[in-house]
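Undergrad: Following this line is query_7.cif, made up of mmCIF, C-alpha atoms (C1' of nucleotides):
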```
data_upload
loop_
_atom_site.label_atom_id
_atom_site.label_comp_id
_atom_site.auth_asym_id
_atom_site.auth_seq_id
_atom_site.Cartn_x
_atom_site.Cartn_y
_atom_site.Cartn_z
CA MET A 723 48.72 57.29 23.56
CA GLY A 724 47.10 53.91 23.97
CA ILE A 725 46.50 51.56 26.86
CA ILE A 726 49.55 50.43 28.80
CA ARG A 727 48.16 48.97 31.99
CA ARG A 728 45.32 46.50 32.32
CA THR A 729 43.25 48.38 34.86
CA LYS A 730 39.78 47.78 36.23
CA SER A 731 38.38 50.63 34.16
CA VAL A 732 39.73 49.15 30.95
CA GLU A 733 38.34 45.70 31.78
CA MET A 734 34.97 47.06 32.72
CA LEU A 735 34.57 49.18 29.61
CA LEU A 736 35.75 46.46 27.25
CA ASP A 737 33.24 44.21 28.94
CA GLU A 738 30.42 46.51 27.92
CA PHE A 739 31.43 46.12 24.30
CA GLN A 740 31.64 42.38 24.79
CA LYS A 741 28.02 42.01 25.74
CA ASP A 742 26.71 44.74 23.43
CA SER A 743 27.19 44.01 19.76
CA GLY A 744 26.26 47.45 18.52
CA ALA A 745 27.75 50.86 19.10
CA ILE A 746 27.43 52.51 22.51
CA SER A 747 27.33 56.23 23.16
CA VAL A 748 29.74 57.67 25.70
CA ILE A 749 26.76 59.07 27.57
CA GLU A 750 25.25 55.62 27.86
CA LEU A 751 28.57 54.15 28.98
CA ILE A 752 28.98 56.80 31.67
CA LYS A 753 25.49 55.96 32.93
CA ARG A 754 26.24 52.23 32.99
CA VAL A 755 29.49 52.45 34.92
CA ASN A 756 28.48 55.40 37.03
CA SER A 757 29.64 55.07 40.66
CA LYS A 758 32.36 52.71 39.42
CA ILE A 759 34.31 54.88 37.01
CA ASN A 760 34.58 58.64 36.80
CA LYS A 761 33.37 60.16 33.53
CA THR A 762 36.76 61.71 32.80
CA THR A 763 38.28 58.26 33.01
CA VAL A 764 35.64 56.87 30.68
CA TYR A 765 36.53 59.46 28.06
CA ARG A 766 40.24 58.82 28.49
CA VAL A 767 40.05 55.02 28.37
CA LEU A 768 37.87 55.09 25.27
CA ASP A 769 40.28 57.48 23.63
CA ASN A 770 43.16 55.15 24.40
CA LEU A 771 41.30 52.11 23.12
CA GLU A 772 40.71 53.98 19.89
CA ASP A 773 44.41 54.75 19.60
CA ASP A 774 45.07 51.06 20.04
CA GLY A 775 42.73 50.14 17.21
CA ILE A 776 40.36 48.30 19.52
CA LEU A 777 37.45 50.71 19.30
CA HIS A 778 36.50 53.35 16.76
CA SER A 779 34.38 56.43 17.30
CA PHE A 780 31.99 58.59 15.35
CA LEU A 781 29.40 61.29 15.97
CA ASP A 782 25.73 60.65 15.54
CA LYS A 783 23.08 62.93 14.10
CA ASN A 784 23.08 65.08 17.22
CA GLY A 785 26.84 65.40 17.52
CA ILE A 786 26.99 62.82 20.31
CA LYS A 787 30.00 60.54 20.46
CA TRP A 788 29.64 56.79 19.98
CA TYR A 789 32.13 53.95 20.11
CA ALA A 790 32.08 50.49 18.59
CA LYS A 791 34.44 47.56 18.33
CA CYS A 792 36.91 47.49 15.48
CA TYR A 793 37.47 44.48 13.32
CA ASP A 794 40.13 45.41 10.84
CA CYS A 795 41.88 48.21 12.67
CA SER A 796 45.22 48.49 14.43
CA THR A 797 47.42 51.11 16.05
CA ALA A 798 48.67 51.76 12.54
CA GLY A 799 45.31 53.12 11.46
CA HIS A 800 41.57 52.70 11.42
CA SER A 801 39.78 51.21 8.49
CA ASP A 802 36.38 52.15 9.79
CA ALA A 803 35.05 53.44 6.52
CA HIS A 804 31.93 51.37 7.02
CA PRO A 805 28.64 53.22 7.46
CA HIS A 806 26.76 53.47 10.73
CA PHE A 807 23.05 52.96 11.01
CA GLN A 808 20.96 54.79 13.59
CA CYS A 809 17.36 53.84 14.20
CA ILE A 810 15.20 56.94 14.40
CA ASN A 811 12.75 55.06 16.56
CA CYS A 812 14.74 53.27 19.28
CA GLY A 813 18.02 55.15 18.83
CA LYS A 814 20.12 52.00 18.51
CA VAL A 815 23.26 52.37 16.42
CA ASP A 816 25.05 49.62 14.53
CA CYS A 817 28.02 49.28 12.26
CA LEU A 818 27.09 48.07 8.81
CA THR A 819 29.43 45.71 7.06
CA LEU A 820 28.43 46.84 3.62
CA GLU A 821 30.56 49.18 1.56
CA VAL A 822 29.45 52.55 0.36
CA ASN A 823 31.08 53.53 -2.86
CA ILE A 824 32.32 57.11 -2.83
CA PRO A 825 32.94 58.30 -6.36
CA LYS A 826 36.03 60.24 -7.37
CA ILE A 827 35.50 63.98 -7.23
CA PRO A 828 37.11 66.29 -9.78
CA ASP A 829 39.84 68.56 -8.38
CA ARG A 830 39.61 67.07 -4.92
CA GLU A 831 41.43 64.36 -3.07
CA VAL A 832 39.06 62.18 -1.10
CA MET A 833 40.60 60.81 2.07
CA VAL A 834 37.83 59.65 4.39
CA ALA A 835 34.08 59.40 4.11
CA GLN A 836 31.68 59.20 7.00
CA VAL A 837 28.30 57.78 6.28
CA LEU A 838 25.49 57.91 8.80
CA ILE A 839 22.33 56.23 7.66
CA GLN A 840 19.09 56.80 9.48
CA GLY A 841 15.99 54.72 9.31
CA LYS A 842 14.20 51.95 11.14
CA CYS A 843 15.99 48.90 12.48
CA LYS A 844 14.67 45.36 12.26
CA ALA A 845 12.92 45.54 15.63
CA CYS A 846 11.22 48.87 14.90
CA PHE A 847 10.41 48.25 11.23
CA VAL A 848 7.20 46.28 11.21
CA MET B 892 8.16 77.97 12.19
CA GLY B 893 9.67 79.81 9.28
CA ILE B 894 10.37 83.43 8.42
CA ILE B 895 7.41 85.77 8.44
CA ARG B 896 8.92 89.23 8.56
CA ARG B 897 11.71 90.55 6.39
CA THR B 898 13.96 91.88 9.14
CA LYS B 899 17.48 93.24 9.07
CA SER B 900 18.82 90.02 10.61
CA VAL B 901 17.26 87.90 7.90
CA GLU B 902 18.62 90.15 5.13
CA MET B 903 22.06 90.25 6.62
CA LEU B 904 22.36 86.50 7.07
CA LEU B 905 20.98 85.70 3.64
CA ASP B 906 23.52 88.14 2.29
CA GLU B 907 26.34 86.07 3.74
CA PHE B 908 25.12 83.06 1.81
CA GLN B 909 24.85 85.21 -1.31
CA LYS B 910 28.50 86.12 -1.35
CA ASP B 911 29.75 82.77 -0.07
CA SER B 912 29.05 79.85 -2.35
CA GLY B 913 29.99 77.14 0.15
CA ALA B 914 28.64 76.17 3.50
CA ILE B 915 29.16 78.44 6.52
CA SER B 916 29.38 77.32 10.11
CA VAL B 917 27.14 79.02 12.65
CA ILE B 918 30.26 79.93 14.62
CA GLU B 919 31.69 81.71 11.59
CA LEU B 920 28.40 83.49 10.94
CA ILE B 921 28.20 84.68 14.53
CA LYS B 922 31.73 86.07 14.20
CA ARG B 923 30.89 87.83 10.96
CA VAL B 924 27.75 89.58 12.16
CA ASN B 925 28.95 90.05 15.70
CA SER B 926 27.97 93.49 17.09
CA LYS B 927 25.15 93.56 14.56
CA ILE B 928 23.12 90.50 15.49
CA ASN B 929 22.94 88.59 18.75
CA LYS B 930 24.00 84.95 18.57
CA THR B 931 20.61 83.74 19.78
CA THR B 932 19.01 85.56 16.86
CA VAL B 933 21.50 84.02 14.44
CA TYR B 934 20.54 80.54 15.59
CA ARG B 935 16.85 81.36 15.40
CA VAL B 936 16.93 82.96 11.97
CA LEU B 937 18.95 80.09 10.52
CA ASP B 938 16.52 77.63 12.02
CA ASN B 939 13.64 79.50 10.42
CA LEU B 940 15.36 79.66 7.04
CA GLU B 941 15.81 75.91 7.23
CA ASP B 942 12.13 75.42 7.95
CA ASP B 943 11.40 77.51 4.87
CA GLY B 944 13.58 75.32 2.68
CA ILE B 945 16.02 78.16 1.97
CA LEU B 946 18.97 76.75 3.91
CA HIS B 947 19.85 73.26 5.06
CA SER B 948 22.07 72.28 7.96
CA PHE B 949 24.41 69.47 8.90
CA LEU B 950 27.09 68.71 11.45
CA ASP B 951 30.74 68.49 10.51
CA LYS B 952 33.36 66.07 11.77
CA ASN B 953 33.57 67.90 15.09
CA GLY B 954 29.85 68.15 15.67
CA ILE B 955 29.78 71.81 14.65
CA LYS B 956 26.70 73.06 12.83
CA TRP B 957 26.94 74.33 9.26
CA TYR B 958 24.39 75.83 6.91
CA ALA B 959 24.29 76.04 3.15
CA LYS B 960 21.84 77.22 0.52
CA CYS B 961 19.23 74.80 -0.71
CA TYR B 962 18.50 74.27 -4.35
CA ASP B 963 15.73 71.73 -4.54
CA CYS B 964 14.15 72.15 -1.16
CA SER B 965 10.91 73.68 0.05
CA THR B 966 8.86 74.03 3.21
CA ALA B 967 7.45 70.64 2.26
CA GLY B 968 10.78 68.95 2.84
CA HIS B 969 14.49 68.97 2.28
CA SER B 970 16.08 66.98 -0.48
CA ASP B 971 19.56 67.61 0.81
CA ALA B 972 20.77 64.08 0.46
CA HIS B 973 23.87 65.33 -1.31
CA PRO B 974 27.22 64.78 0.38
CA HIS B 975 29.27 67.53 1.98
CA PHE B 976 32.96 67.90 1.46
CA GLN B 977 35.23 69.29 4.17
CA CYS B 978 38.83 70.16 3.42
CA ILE B 979 41.09 68.85 6.17
CA ASN B 980 43.59 71.56 5.36
CA CYS B 981 41.69 74.85 5.10
CA GLY B 982 38.45 73.71 6.71
CA LYS B 983 36.24 74.91 3.85
CA VAL B 984 33.01 72.99 3.40
CA ASP B 985 31.06 72.62 0.18
CA CYS B 986 27.98 70.84 -1.01
CA LEU B 987 28.68 68.27 -3.68
CA THR B 988 26.18 67.87 -6.46
CA LEU B 989 27.03 64.24 -7.05
CA GLU B 990 24.88 61.43 -5.78
CA VAL B 991 26.04 58.78 -3.36
CA ASN B 992 24.25 55.53 -3.85
CA ILE B 993 23.13 53.99 -0.57
CA PRO B 994 22.37 50.32 -1.08
CA LYS B 995 19.30 48.65 0.34
CA ILE B 996 19.95 47.05 3.71
CA PRO B 997 18.28 43.78 4.70
CA ASP B 998 15.71 44.09 7.49
CA ARG B 999 16.07 47.84 7.72
CA GLU B 1000 14.24 50.76 6.25
CA VAL B 1001 16.65 53.44 5.09
CA MET B 1002 15.24 56.93 5.37
CA VAL B 1003 18.08 59.45 5.25
CA ALA B 1004 21.79 59.17 4.69
CA GLN B 1005 24.33 61.77 5.69
CA VAL B 1006 27.63 61.64 3.90
CA LEU B 1007 30.56 63.75 5.00
CA ILE B 1008 33.61 63.39 2.83
CA GLN B 1009 36.97 64.65 4.02
CA GLY B 1010 39.99 65.35 1.93
CA LYS B 1011 41.76 68.19 0.21
CA CYS B 1012 39.97 70.83 -1.81
CA LYS B 1013 41.15 72.20 -5.13
CA ALA B 1014 43.11 75.05 -3.54
CA CYS B 1015 44.86 72.81 -1.00
CA PHE B 1016 45.42 69.82 -3.27
CA VAL B 1017 48.63 70.57 -5.18
"C1'" DT C 615 58.34 40.80 49.10
"C1'" DA C 616 59.21 45.62 49.48
"C1'" DA C 617 60.57 49.77 47.23
"C1'" DT C 618 60.38 52.48 43.17
"C1'" DT C 619 58.59 54.32 39.06
"C1'" DT C 620 55.22 55.97 36.16
"C1'" DA C 621 50.66 55.31 34.21
"C1'" DA C 622 45.89 55.80 35.45
"C1'" DT C 623 42.30 57.80 38.20
"C1'" DG C 624 39.13 61.10 40.68
"C1'" DC C 625 37.73 65.48 41.46
"C1'" DA C 626 36.50 70.03 40.74
"C1'" DA C 627 36.48 73.50 37.90
"C1'" DC C 628 36.29 74.85 33.29
"C1'" DT C 629 35.00 75.38 28.04
"C1'" DG C 630 32.10 76.37 24.43
"C1'" DA C 631 28.24 75.34 21.27
"C1'" DG C 632 23.73 75.68 21.52
"C1'" DT C 633 19.10 76.77 24.22
"C1'" DT C 634 15.45 79.12 27.07
"C1'" DG C 635 12.50 82.68 29.25
"C1'" DC C 636 11.18 87.06 29.22
"C1'" DA C 637 10.88 91.95 28.54
"C1'" DA C 638 11.71 95.41 24.95
"C1'" DA C 639 11.77 96.59 20.09
"C1'" DT C 640 10.02 96.58 15.50
"C1'" DA C 641 7.71 94.94 11.21
"C1'" DT C 642 3.22 94.55 9.28
"C1'" DA C 643 -1.86 94.80 8.98
"C1'" DA C 644 -5.87 97.48 10.04
"C1'" DT D 664 -1.31 106.18 13.22
"C1'" DT D 665 -2.45 102.54 16.14
"C1'" DA D 666 -2.83 97.83 17.37
"C1'" DT D 667 -0.89 93.20 17.51
"C1'" DA D 668 2.05 89.71 16.83
"C1'" DT D 669 6.69 88.55 15.45
"C1'" DT D 670 11.45 89.25 16.27
"C1'" DT D 671 15.28 90.59 18.97
"C1'" DG D 672 18.69 91.10 22.84
"C1'" DC D 673 20.15 89.79 27.04
"C1'" DA D 674 21.39 87.02 30.76
"C1'" DA D 675 21.35 82.93 32.52
"C1'" DC D 676 21.37 78.24 31.65
"C1'" DT D 677 22.39 73.24 29.77
"C1'" DC D 678 25.27 69.65 28.89
"C1'" DA D 679 28.88 67.00 26.36
"C1'" DG D 680 33.41 67.01 26.58
"C1'" DT D 681 38.17 68.81 28.51
"C1'" DT D 682 42.02 70.26 31.70
"C1'" DG D 683 45.14 70.55 35.73
"C1'" DC D 684 46.65 68.54 39.52
"C1'" DA D 685 47.07 65.77 43.54
"C1'" DT D 686 46.31 60.90 44.73
"C1'" DT D 687 46.15 55.97 43.75
"C1'" DA D 688 47.57 51.80 41.97
"C1'" DA D 689 49.71 48.90 38.26
"C1'" DA D 690 53.99 47.09 36.81
"C1'" DT D 691 58.97 46.92 37.11
"C1'" DT D 692 63.20 46.41 39.74
"C1'" DA D 693 65.99 45.33 43.48
#
```
The structure given in the file should be rewritten as structure tokens.
TA:
Amino acid sequence: MGIIRRTKSVEMLLDEFQKDSGAISVIELIKRVNSKINKTTVYRVLDNLEDDGILHSFLDKNGIKWYAKCYDCSTAGHSDAHPHFQCINCGKVDCLTLEVNIPKIPDREVMVAQVLIQGKCKACFV
Amino acid sequence: MGIIRRTKSVEMLLDEFQKDSGAISVIELIKRVNSKINKTTVYRVLDNLEDDGILHSFLDKNGIKWYAKCYDCSTAGHSDAHPHFQCINCGKVDCLTLEVNIPKIPDREVMVAQVLIQGKCKACFV
DNA sequence: TAATTTAATGCAACTGAGTTGCAAATATAA
DNA sequence: TTATATTTGCAACTCAGTTGCATTAAATTA
């Protein structure tokens, strides 16, 4: 449906993505804005921001929902085919700008590919 | 922990993977063996079979757990780096034998990559 | 600026996949 | 056949995410 009114909840949530460059899990967001915004509202605002092409979402290894800022998306559609990287040590998740080449598959029409890469991030990889 | 005893539950579940070449969701399995095996047992047996390198698991687009037969795995470790293909029309999920090349990423150590490809399968792609 | 409209919010209760603890059942070794 | 250790069923639980509905508050209009 998308965002229509510029409410406090919208401002506050967008602000979190302003100061955090990586992806943020909904659980983490709910914790951060707890006592300010109800969790139902958090889910709904994020959903709207995704419809508007401002955020995109994906599930991590444990089926938990994460959101991150979009760069090349719009209400017309998401081009968030980029892979996501989750550190198995600190849990941080980032969008990777690199492209993963998905080969053509015989007898099948490929439409979207989700790539979740796990490993150690810069801070944890010594 | 792995399977130690050859019980009816183990036979019955392995049988499902014998007659079904693709992946099967736990939800579907529970439905199929319902009234024969308790859902807790289904989860536990599948978990054991994964430990034994007989099945491997992954989450689909909706965070639902699926299992499929392993080919090159063992108790020593899973080599299930192959991508999984989910048909957006009929919902069927298959393991793809092709390899997806994950490039090296600067400052990060890549350990595992999960690739879930969505599109239309042979039957649904006309 | 006040009144009106309609989107956004909070709350409580719910859903559903997956988990846990424990007593009872059953496969396997002795 | 008996002993013992694994497996199972059951019921109750967890927890991320959803739904319905009454209330609140943006934004529009008069």
Undergrad: Run the PyMOL selection byres ((chain D) within 10 of (chain B)) on the file and write out the hits as a list of chain:residue names.
TA: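 Those residues are D:DT669, D:DT670, D:DT671, D:DG672, D:DC673.
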Undergrad: Would you mind listing, as a list in words, all residues of chain C that have at least one atom within 9 Å of chain A, where only C-alpha atoms (C1' of nucleotides) are what counts?
TA: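 Only these qualify: DA621, DA622, DT623, DG624 and DC625 of chain C.
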Undergrad: Between CA of Lys826 (chain A) and CA of Ala972 (chain B), what is the distance in Å, rounded to a tenth?
TA: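 Distance between the two atoms: 17.6 Å.
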Undergrad: Assuming the chain letters and numbering stay as they are in my file, what does the PyMOL selection byres ((chain B) within 6 of (chain A)) actually select? List them as a PyMOL selection string.
TA: chain B and resi 954+998-1013
Undergrad: In Å, rounded to a single decimal, give me how far CA of Tyr793 (chain A) is from CA of Leu736 (chain A).
TA: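 Separation of CA of Leu736 (chain A) and CA of Tyr793 (chain A): 14.2 Å.
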Undergrad: For the provided coordinates, the residues matched by the PyMOL selection byres ((chain D and resi 677) around 10) should be stated as a PyMOL selection string.
TA: (chain C and resi 632-634) or (chain D and resi 676+678-679)
Undergrad: Please report the interatomic distance between CA of Asp769 (chain A) and CA of Gly724 (chain A) in Å with one decimal.
TA: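 Computing the Euclidean distance for CA of Asp769 (chain A) and CA of Gly724 (chain A) yields 7.7 Å.
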Undergrad: Would you kindly return, as a list in words, each protein, DNA or RNA residue with an atom no farther than 12 Å from any atom of DA666 (chain D), considering all atoms listed in the file and excluding same-chain residues fewer than 4 positions away?
TA: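 Within the cut-off, the hits are DT642, DA643 and DA644 of chain C.
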Undergrad: Give me the residues within 12 Å of Ser916 (chain B) as an MDAnalysis selection string, counting only C-alpha atoms (C1' of nucleotides) and dropping any in the same chain fewer than 2 places off.
TA: (chainID B and resid 904 907:908 911 913:914 918:923 933:934 937 947:951 953:959 977 982:985) or (chainID C and resid 631)
